[in-house]
Number of protein chains: 2
Amino acid sequence: MSLVLDPAAQDLLFREARTANTFTDEPVTDEQVQAIYDLVKYGPTAFNQTPLRITLVRSPEARERLVQHMSEGNQEKTATAPLVAILSADNEFHEELPALFPAFPQAKDLFFTERTAREGSAALNSALQAAYFIVGVRAAGLAAGPMTGFDAEGVRKEFLDDDHTPLIVVNIGRPGENASYPRSPRLAFDEVVTTV
Amino acid sequence: MSLVLDPAAQDLLFREARTANTFTDEPVTDEQVQAIYDLVKYGPTAFNQTPLRITLVRSPEARERLVQHMSEGNQEKTATAPLVAILSADNEFHEELPALFPAFPQAKDLFFTERTAREGSAALNSALQAAYFIVGVRAAGLAAGPMTGFDAEGVRKEFLDDDHTPLIVVNIGRPGENASYPRSPRLAFDEVVTTV
């Protein structure tokens with residue numbers, strides 16, 4: 001066995017975990033979200049920039065506003081999931097960098113004075129953190145339903161500001177009836193990995 | 001306890017896991033890389049597009065070519081790590097889509113005829129997969145040293161082609177002496193999460 005991670009944990013996080021499209025009514029509590037964050041906040045990012053920001057859409061009024069910006073196939077599940085989170089990148093993360101990466105406080109001025117450089121770095125590193133977050137949702141015994149099918153500019157204007165770029169909207173809860181499609185095939189090792 | 005993931009697994013993947021900057025001489029085998037891939041290949045991506053590609057840099061000659069493209073602070077560790085992997089995005093992932101997402105074979109022609117749309121989707125989804133890969137390296141009891149400090153265009157020309165965009169170079173192995181910096185602080189929950 002090449003993995004040291006417990007097989008039950010392998011199943012919980014990857015092998016048995018599935019994207020959910022329906023959910024039960026069981027609420028997702030703030031305590032659960034806090035526990036997820038307190039685990040996945042440790043995932044690595046460049047210069048510890050941790051640009052991911054999370055907007056929990058809890059009020060019925062906000063949920064309705066969000067659903068309007070989702071693509072048609074994502075509207076019903078977004079309307080009915082126990083919790084919906086908008087994951088976004090903070091393109092002004094550099095303001096926090098001297099505190100977040102005390103080993104190299106010059107990073108802010110050496111690499112991130114240009115907005116374009118910040119946007120590129122925030123896009124990559126917040127996507128890493130979005131994946132850690134999805135793993136964390138599963139670590140809480142919940143199912144995630146990550147979606148990229150939405151009007152990003154609409155979501156930005158409705159919930160964020162010009163300094164934040166929405167990445168992914170995630171439905172969160174316990175899987176309901178017929179929650180998942182049959183699992184799709186994955187590429188074989190040799191189709192993905194080459195050695196030089 | 002809001003998390004159901006075993007505390008030992010929490011430590012292995014997030015709480016105790018650290019980015020390594022030095023490594024022991026113990027090799028990382030192909031079997032270990034295969035086991036990592038066979039776990040993390042199940043992480044979700046949009047339309048199951050799984051655009052991540054992995055180049056294992058094993059030969060001394062290839063390692064030397066890679067080191068030339070790393071930023072100065074990353075050269076020594078990239079030269080000495082037991083294994084180095086170049087993680088890249090396949091911008092032509094749409095060719096595989098009908099096989100990868102049989103539930104919706106129209107996706108290829110509806111959303112991905114334009115290269116720009118493919119590049120954006122591949123950038124986000126391969127970054128998600130890069131994070132799953134880092135988690136997988138840790139699941140194998142190894143340390144990852146992900147780096148974005150390199151000449152991306154140089155790495156592309158040296159090891160890839162115009163259809164692939166390098167994302168992250170990852171050193172992999174068992175941590176050596178003084179492998180990690182002191183852990184940097186993380187943002188508090190309230191600095192990252194807002195509720196609407």
# chains A, B, ... in the order shown; residues from 1 in each chain; ligands from 1

$ residues_around --residues "Ala103 of chain B" --least-positions-apart "4" --cutoff "9 Å" --atoms "only C-alpha atoms" --output "PyMOL selection string"
(chain A and resi 181-182+184) or (chain B and resi 98)

$ write_last_selection --atoms "all heavy atoms" --output "CSV table (one decimal), in the first residue's frame"
chain,number,residue,atom,x,y,z
A,181,TYR,N,-25.2,11.7,-10.4
A,181,TYR,CA,-25.1,10.9,-11.6
A,181,TYR,C,-24.2,9.7,-11.4
A,181,TYR,O,-23.4,9.7,-10.5
A,181,TYR,CB,-24.5,11.8,-12.7
A,181,TYR,CG,-25.3,13.1,-13.0
A,181,TYR,CD1,-24.6,14.3,-12.8
A,181,TYR,CD2,-26.6,13.1,-13.3
A,181,TYR,CE1,-25.2,15.5,-13.1
A,181,TYR,CE2,-27.2,14.3,-13.6
A,181,TYR,CZ,-26.6,15.5,-13.4
A,181,TYR,OH,-27.2,16.7,-13.6
A,182,PRO,N,-24.4,8.7,-12.3
A,182,PRO,CA,-23.4,7.6,-12.3
A,182,PRO,C,-22.0,8.2,-12.4
A,182,PRO,O,-21.8,9.2,-13.2
A,182,PRO,CB,-23.7,6.8,-13.5
A,182,PRO,CG,-25.1,7.1,-13.8
A,182,PRO,CD,-25.4,8.5,-13.4
A,184,SER,N,-18.6,9.3,-13.7
A,184,SER,CA,-18.0,9.3,-15.0
A,184,SER,C,-16.6,8.7,-15.0
A,184,SER,O,-15.9,8.7,-14.0
A,184,SER,CB,-17.9,10.8,-15.5
A,184,SER,OG,-19.2,11.3,-15.6
B,98,PRO,N,-16.4,14.2,-24.6
B,98,PRO,CA,-17.5,13.2,-24.8
B,98,PRO,C,-17.3,11.9,-24.1
B,98,PRO,O,-18.3,11.3,-23.6
B,98,PRO,CB,-17.6,13.1,-26.3
B,98,PRO,CG,-16.9,14.3,-26.8
B,98,PRO,CD,-15.9,14.7,-25.8

$ closest_atom_pairs --of "chain B" --to "chain A" --cutoff "6 Å" --atoms "only C-alpha atoms" --output "CSV"
residue,atom,partner,partner_atom,distance
B:Ser2,CA,A:Gln32,CA,5.2
B:Leu3,CA,A:Ala140,CA,4.1
B:Val4,CA,A:Ala140,CA,5.2
B:Leu5,CA,A:Ala139,CA,4.8
B:Phe14,CA,A:Tyr42,CA,5.6
B:Gln32,CA,A:Ser2,CA,5.2
B:Tyr42,CA,A:Phe14,CA,5.6
B:Arg53,CA,A:Val192,CA,4.9
B:Ile54,CA,A:Val193,CA,4.7
B:Thr55,CA,A:Thr194,CA,4.9
B:Leu56,CA,A:Thr195,CA,4.6
B:Val57,CA,A:Val196,CA,5.1
B:Arg58,CA,A:Val196,CA,5.8
B:Leu100,CA,A:Pro185,CA,5.6
B:Phe101,CA,A:Ser184,CA,6.0
B:Ala127,CA,A:Leu128,CA,5.7
B:Leu128,CA,A:Ala131,CA,5.0
B:Ala131,CA,A:Leu128,CA,4.9
B:Ala139,CA,A:Leu5,CA,4.9
B:Ala140,CA,A:Leu3,CA,4.1
B:Gly141,CA,A:Val4,CA,5.7
B:Ser184,CA,A:Phe101,CA,6.0
B:Pro185,CA,A:Leu100,CA,5.6
B:Val192,CA,A:Arg53,CA,4.9
B:Val193,CA,A:Ile54,CA,4.7
B:Thr194,CA,A:Thr55,CA,5.0
B:Thr195,CA,A:Leu56,CA,4.6
B:Val196,CA,A:Val57,CA,5.2

$ write_last_selection --atoms "N, CA and C atoms" --output "CSV table (one decimal), in the first residue's frame"
chain,number,residue,atom,x,y,z
B,2,SER,N,-17.5,18.9,14.7
B,2,SER,CA,-18.2,19.1,13.4
B,2,SER,C,-17.6,18.3,12.3
B,3,LEU,N,-16.4,17.8,12.4
B,3,LEU,CA,-15.7,17.1,11.3
B,3,LEU,C,-15.9,15.6,11.6
B,4,VAL,N,-16.1,14.8,10.6
B,4,VAL,CA,-16.2,13.4,10.8
B,4,VAL,C,-14.8,12.7,10.3
B,5,LEU,N,-14.0,13.5,9.6
B,5,LEU,CA,-12.7,12.9,9.2
B,5,LEU,C,-11.9,12.7,10.5
B,14,PHE,N,-3.6,18.3,6.6
B,14,PHE,CA,-3.7,19.8,6.8
B,14,PHE,C,-3.0,20.3,8.0
B,32,GLN,N,4.2,5.0,-5.9
B,32,GLN,CA,3.6,6.0,-5.1
B,32,GLN,C,2.9,7.0,-5.9
B,42,TYR,N,-10.3,11.3,-8.6
B,42,TYR,CA,-11.8,11.3,-8.3
B,42,TYR,C,-12.2,12.7,-7.9
B,53,ARG,N,-2.4,17.8,-16.3
B,53,ARG,CA,-1.4,16.8,-16.8
B,53,ARG,C,-0.2,17.0,-15.9
B,54,ILE,N,0.5,15.9,-15.8
B,54,ILE,CA,1.6,15.8,-14.9
B,54,ILE,C,2.9,15.3,-15.6
B,55,THR,N,4.0,16.1,-15.5
B,55,THR,CA,5.2,15.7,-16.1
B,55,THR,C,6.2,15.4,-15.0
B,56,LEU,N,6.6,14.1,-14.8
B,56,LEU,CA,7.6,13.7,-13.8
B,56,LEU,C,9.0,13.9,-14.4
B,57,VAL,N,9.7,14.8,-13.7
B,57,VAL,CA,11.1,15.1,-14.2
B,57,VAL,C,12.0,14.2,-13.4
B,58,ARG,N,12.4,13.1,-14.1
B,58,ARG,CA,13.2,12.0,-13.4
B,58,ARG,C,14.7,12.0,-13.8
B,100,LEU,N,-15.4,11.6,-21.3
B,100,LEU,CA,-15.2,11.9,-19.9
B,100,LEU,C,-16.6,12.2,-19.2
B,101,PHE,N,-17.5,12.8,-20.0
B,101,PHE,CA,-18.8,13.2,-19.5
B,101,PHE,C,-19.9,12.8,-20.3
B,127,ALA,N,-6.2,23.9,-11.6
B,127,ALA,CA,-5.8,24.3,-10.3
B,127,ALA,C,-6.5,23.6,-9.2
B,128,LEU,N,-7.8,23.3,-9.4
B,128,LEU,CA,-8.5,22.4,-8.4
B,128,LEU,C,-7.8,21.1,-8.3
B,131,ALA,N,-4.5,21.1,-6.4
B,131,ALA,CA,-4.7,21.1,-5.0
B,131,ALA,C,-5.0,19.7,-4.5
B,139,ALA,N,-1.3,12.4,1.5
B,139,ALA,CA,-1.9,11.1,1.8
B,139,ALA,C,-1.0,9.9,1.6
B,140,ALA,N,0.1,10.1,0.8
B,140,ALA,CA,1.1,9.1,0.7
B,140,ALA,C,2.2,9.2,1.7
B,141,GLY,N,2.0,10.1,2.7
B,141,GLY,CA,3.0,10.3,3.7
B,141,GLY,C,4.2,11.1,3.3
B,184,SER,N,3.2,30.2,9.1
B,184,SER,CA,2.7,31.6,9.0
B,184,SER,C,1.3,31.6,9.5
B,185,PRO,N,0.9,32.8,10.0
B,185,PRO,CA,-0.5,32.9,10.5
B,185,PRO,C,-1.5,32.8,9.4
B,192,VAL,N,-12.5,36.1,6.4
B,192,VAL,CA,-12.6,35.4,5.2
B,192,VAL,C,-14.1,35.1,4.8
B,193,VAL,N,-14.9,34.9,5.8
B,193,VAL,CA,-16.3,34.5,5.6
B,193,VAL,C,-17.3,35.6,5.9
B,194,THR,N,-18.2,35.9,5.0
B,194,THR,CA,-19.3,36.8,5.3
B,194,THR,C,-20.6,36.1,5.0
B,195,THR,N,-21.6,36.6,5.7
B,195,THR,CA,-23.0,35.9,5.5
B,195,THR,C,-24.0,36.9,5.0
B,196,VAL,N,-24.7,36.6,4.0
B,196,VAL,CA,-25.7,37.5,3.5
B,196,VAL,C,-27.1,36.8,3.5

$ atom_distance --atom1 "atom CA of Leu66 of chain A" --atom2 "atom CA of Ile172 of chain A"
14.9 Å

$ select_by_dssp --residues "chain A" --states "strand (DSSP E or B)" --output "PyMOL selection string"
chain A and resi 23+52-57+70+83-90+143-147+150+164-173+175+193-195

$ write_last_selection --atoms "C-alpha atoms" --output "CSV table (one decimal), in the first residue's frame"
chain,number,residue,atom,x,y,z
A,23,PHE,CA,-30.0,17.5,-0.7
A,52,LEU,CA,-10.0,32.9,-1.0
A,53,ARG,CA,-13.1,34.6,0.3
A,54,ILE,CA,-16.4,32.9,1.2
A,55,THR,CA,-19.8,34.4,1.0
A,56,LEU,CA,-22.5,32.3,2.8
A,57,VAL,CA,-25.8,32.9,1.2
A,70,MET,CA,-27.2,30.8,-12.1
A,83,LEU,CA,-26.4,26.2,2.3
A,84,VAL,CA,-24.8,27.9,-0.7
A,85,ALA,CA,-21.4,29.5,-0.6
A,86,ILE,CA,-19.9,31.8,-3.2
A,87,LEU,CA,-16.2,31.3,-3.4
A,88,SER,CA,-14.3,34.3,-4.7
A,89,ALA,CA,-10.7,35.6,-5.1
A,90,ASP,CA,-9.6,38.8,-3.3
A,143,ALA,CA,-21.6,16.7,0.1
A,144,ALA,CA,-20.5,19.6,-2.1
A,145,GLY,CA,-22.0,20.6,-5.4
A,146,PRO,CA,-19.5,22.9,-7.0
A,147,MET,CA,-20.8,24.9,-10.0
A,150,PHE,CA,-23.3,31.2,-13.5
A,164,HIS,CA,-13.3,40.3,-5.9
A,165,THR,CA,-13.7,37.7,-8.7
A,166,PRO,CA,-16.2,35.0,-8.2
A,167,LEU,CA,-14.8,31.5,-8.9
A,168,ILE,CA,-17.2,28.8,-7.9
A,169,VAL,CA,-20.6,28.6,-6.3
A,170,VAL,CA,-20.9,25.5,-4.0
A,171,ASN,CA,-24.1,23.9,-2.8
A,172,ILE,CA,-23.6,22.1,0.6
A,173,GLY,CA,-25.6,19.6,2.5
A,175,PRO,CA,-27.2,14.2,-0.3
A,193,VAL,CA,1.4,11.4,-16.5
A,194,THR,CA,4.5,11.5,-18.6
A,195,THR,CA,8.1,11.0,-17.5

$ atom_distance --atom1 "atom CA of Ala81 of chain A" --atom2 "atom CA of Phe133 of chain A"
17.1 Å

$ residues_around --residues "Glu76 of chain A" --least-positions-apart "6" --cutoff "10 Å" --atoms "only C-alpha atoms" --output "PyMOL selection string"
chain A and resi 21-22+67+70

$ write_last_selection --atoms "C-alpha atoms" --output "compact mmCIF listing (two decimals), in the first residue's frame"
# COMPACT_ATOMS: atom_id res chain seq x y z
CA ASN A 21 -27.37 17.65 -7.05
CA THR A 22 -30.14 17.11 -4.47
CA VAL A 67 -30.48 31.93 -8.25
CA MET A 70 -27.17 30.75 -12.08

$ atom_distance --atom1 "atom CA of Pro105 of chain A" --atom2 "atom CA of Glu119 of chain A"
19.3 Å

$ select_by_dssp --residues "segment 20-95 of chain B" --states "alpha helix (DSSP H)" --output "list in words"
Asp30, Glu31, Gln32, Val33, Gln34, Ala35, Ile36, Tyr37, Asp38, Leu39, Val40, Pro60, Glu61, Ala62, Arg63, Glu64, Arg65, Leu66, Val67, Glu72, Gly73, Asn74, Gln75, Glu76, Lys77, Thr78, Ala79 and Thr80 of chain B

$ write_last_selection --atoms "C-alpha atoms" --output "mmCIF file, in the first residue's frame"
data_model
loop_
_atom_site.group_PDB
_atom_site.id
_atom_site.type_symbol
_atom_site.label_atom_id
_atom_site.label_comp_id
_atom_site.auth_asym_id
_atom_site.auth_seq_id
_atom_site.Cartn_x
_atom_site.Cartn_y
_atom_site.Cartn_z
ATOM 1 C CA ASP B 30 6.322 5.342 -9.657
ATOM 2 C CA GLU B 31 4.081 3.141 -7.509
ATOM 3 C CA GLN B 32 3.628 5.987 -5.057
ATOM 4 C CA VAL B 33 2.773 8.437 -7.843
ATOM 5 C CA GLN B 34 0.320 5.938 -9.301
ATOM 6 C CA ALA B 35 -1.348 5.494 -5.902
ATOM 7 C CA ILE B 36 -1.606 9.273 -5.483
ATOM 8 C CA TYR B 37 -3.142 9.656 -8.936
ATOM 9 C CA ASP B 38 -5.557 6.775 -8.404
ATOM 10 C CA LEU B 39 -6.856 8.541 -5.297
ATOM 11 C CA VAL B 40 -7.057 12.157 -6.426
ATOM 12 C CA PRO B 60 19.297 14.232 -14.273
ATOM 13 C CA GLU B 61 19.479 15.891 -17.683
ATOM 14 C CA ALA B 62 15.821 16.944 -17.579
ATOM 15 C CA ARG B 63 16.174 18.076 -13.977
ATOM 16 C CA GLU B 64 19.038 20.328 -14.980
ATOM 17 C CA ARG B 65 16.996 21.842 -17.801
ATOM 18 C CA LEU B 66 14.113 22.524 -15.400
ATOM 19 C CA VAL B 67 16.289 24.140 -12.747
ATOM 20 C CA GLU B 72 16.762 31.675 -7.953
ATOM 21 C CA GLY B 73 15.289 30.877 -4.560
ATOM 22 C CA ASN B 74 13.698 27.705 -5.934
ATOM 23 C CA GLN B 75 16.724 26.304 -7.779
ATOM 24 C CA GLU B 76 18.520 24.379 -5.058
ATOM 25 C CA LYS B 77 15.467 22.581 -3.745
ATOM 26 C CA THR B 78 14.306 21.750 -7.255
ATOM 27 C CA ALA B 79 17.770 20.355 -8.036
ATOM 28 C CA THR B 80 17.849 18.137 -4.940
#
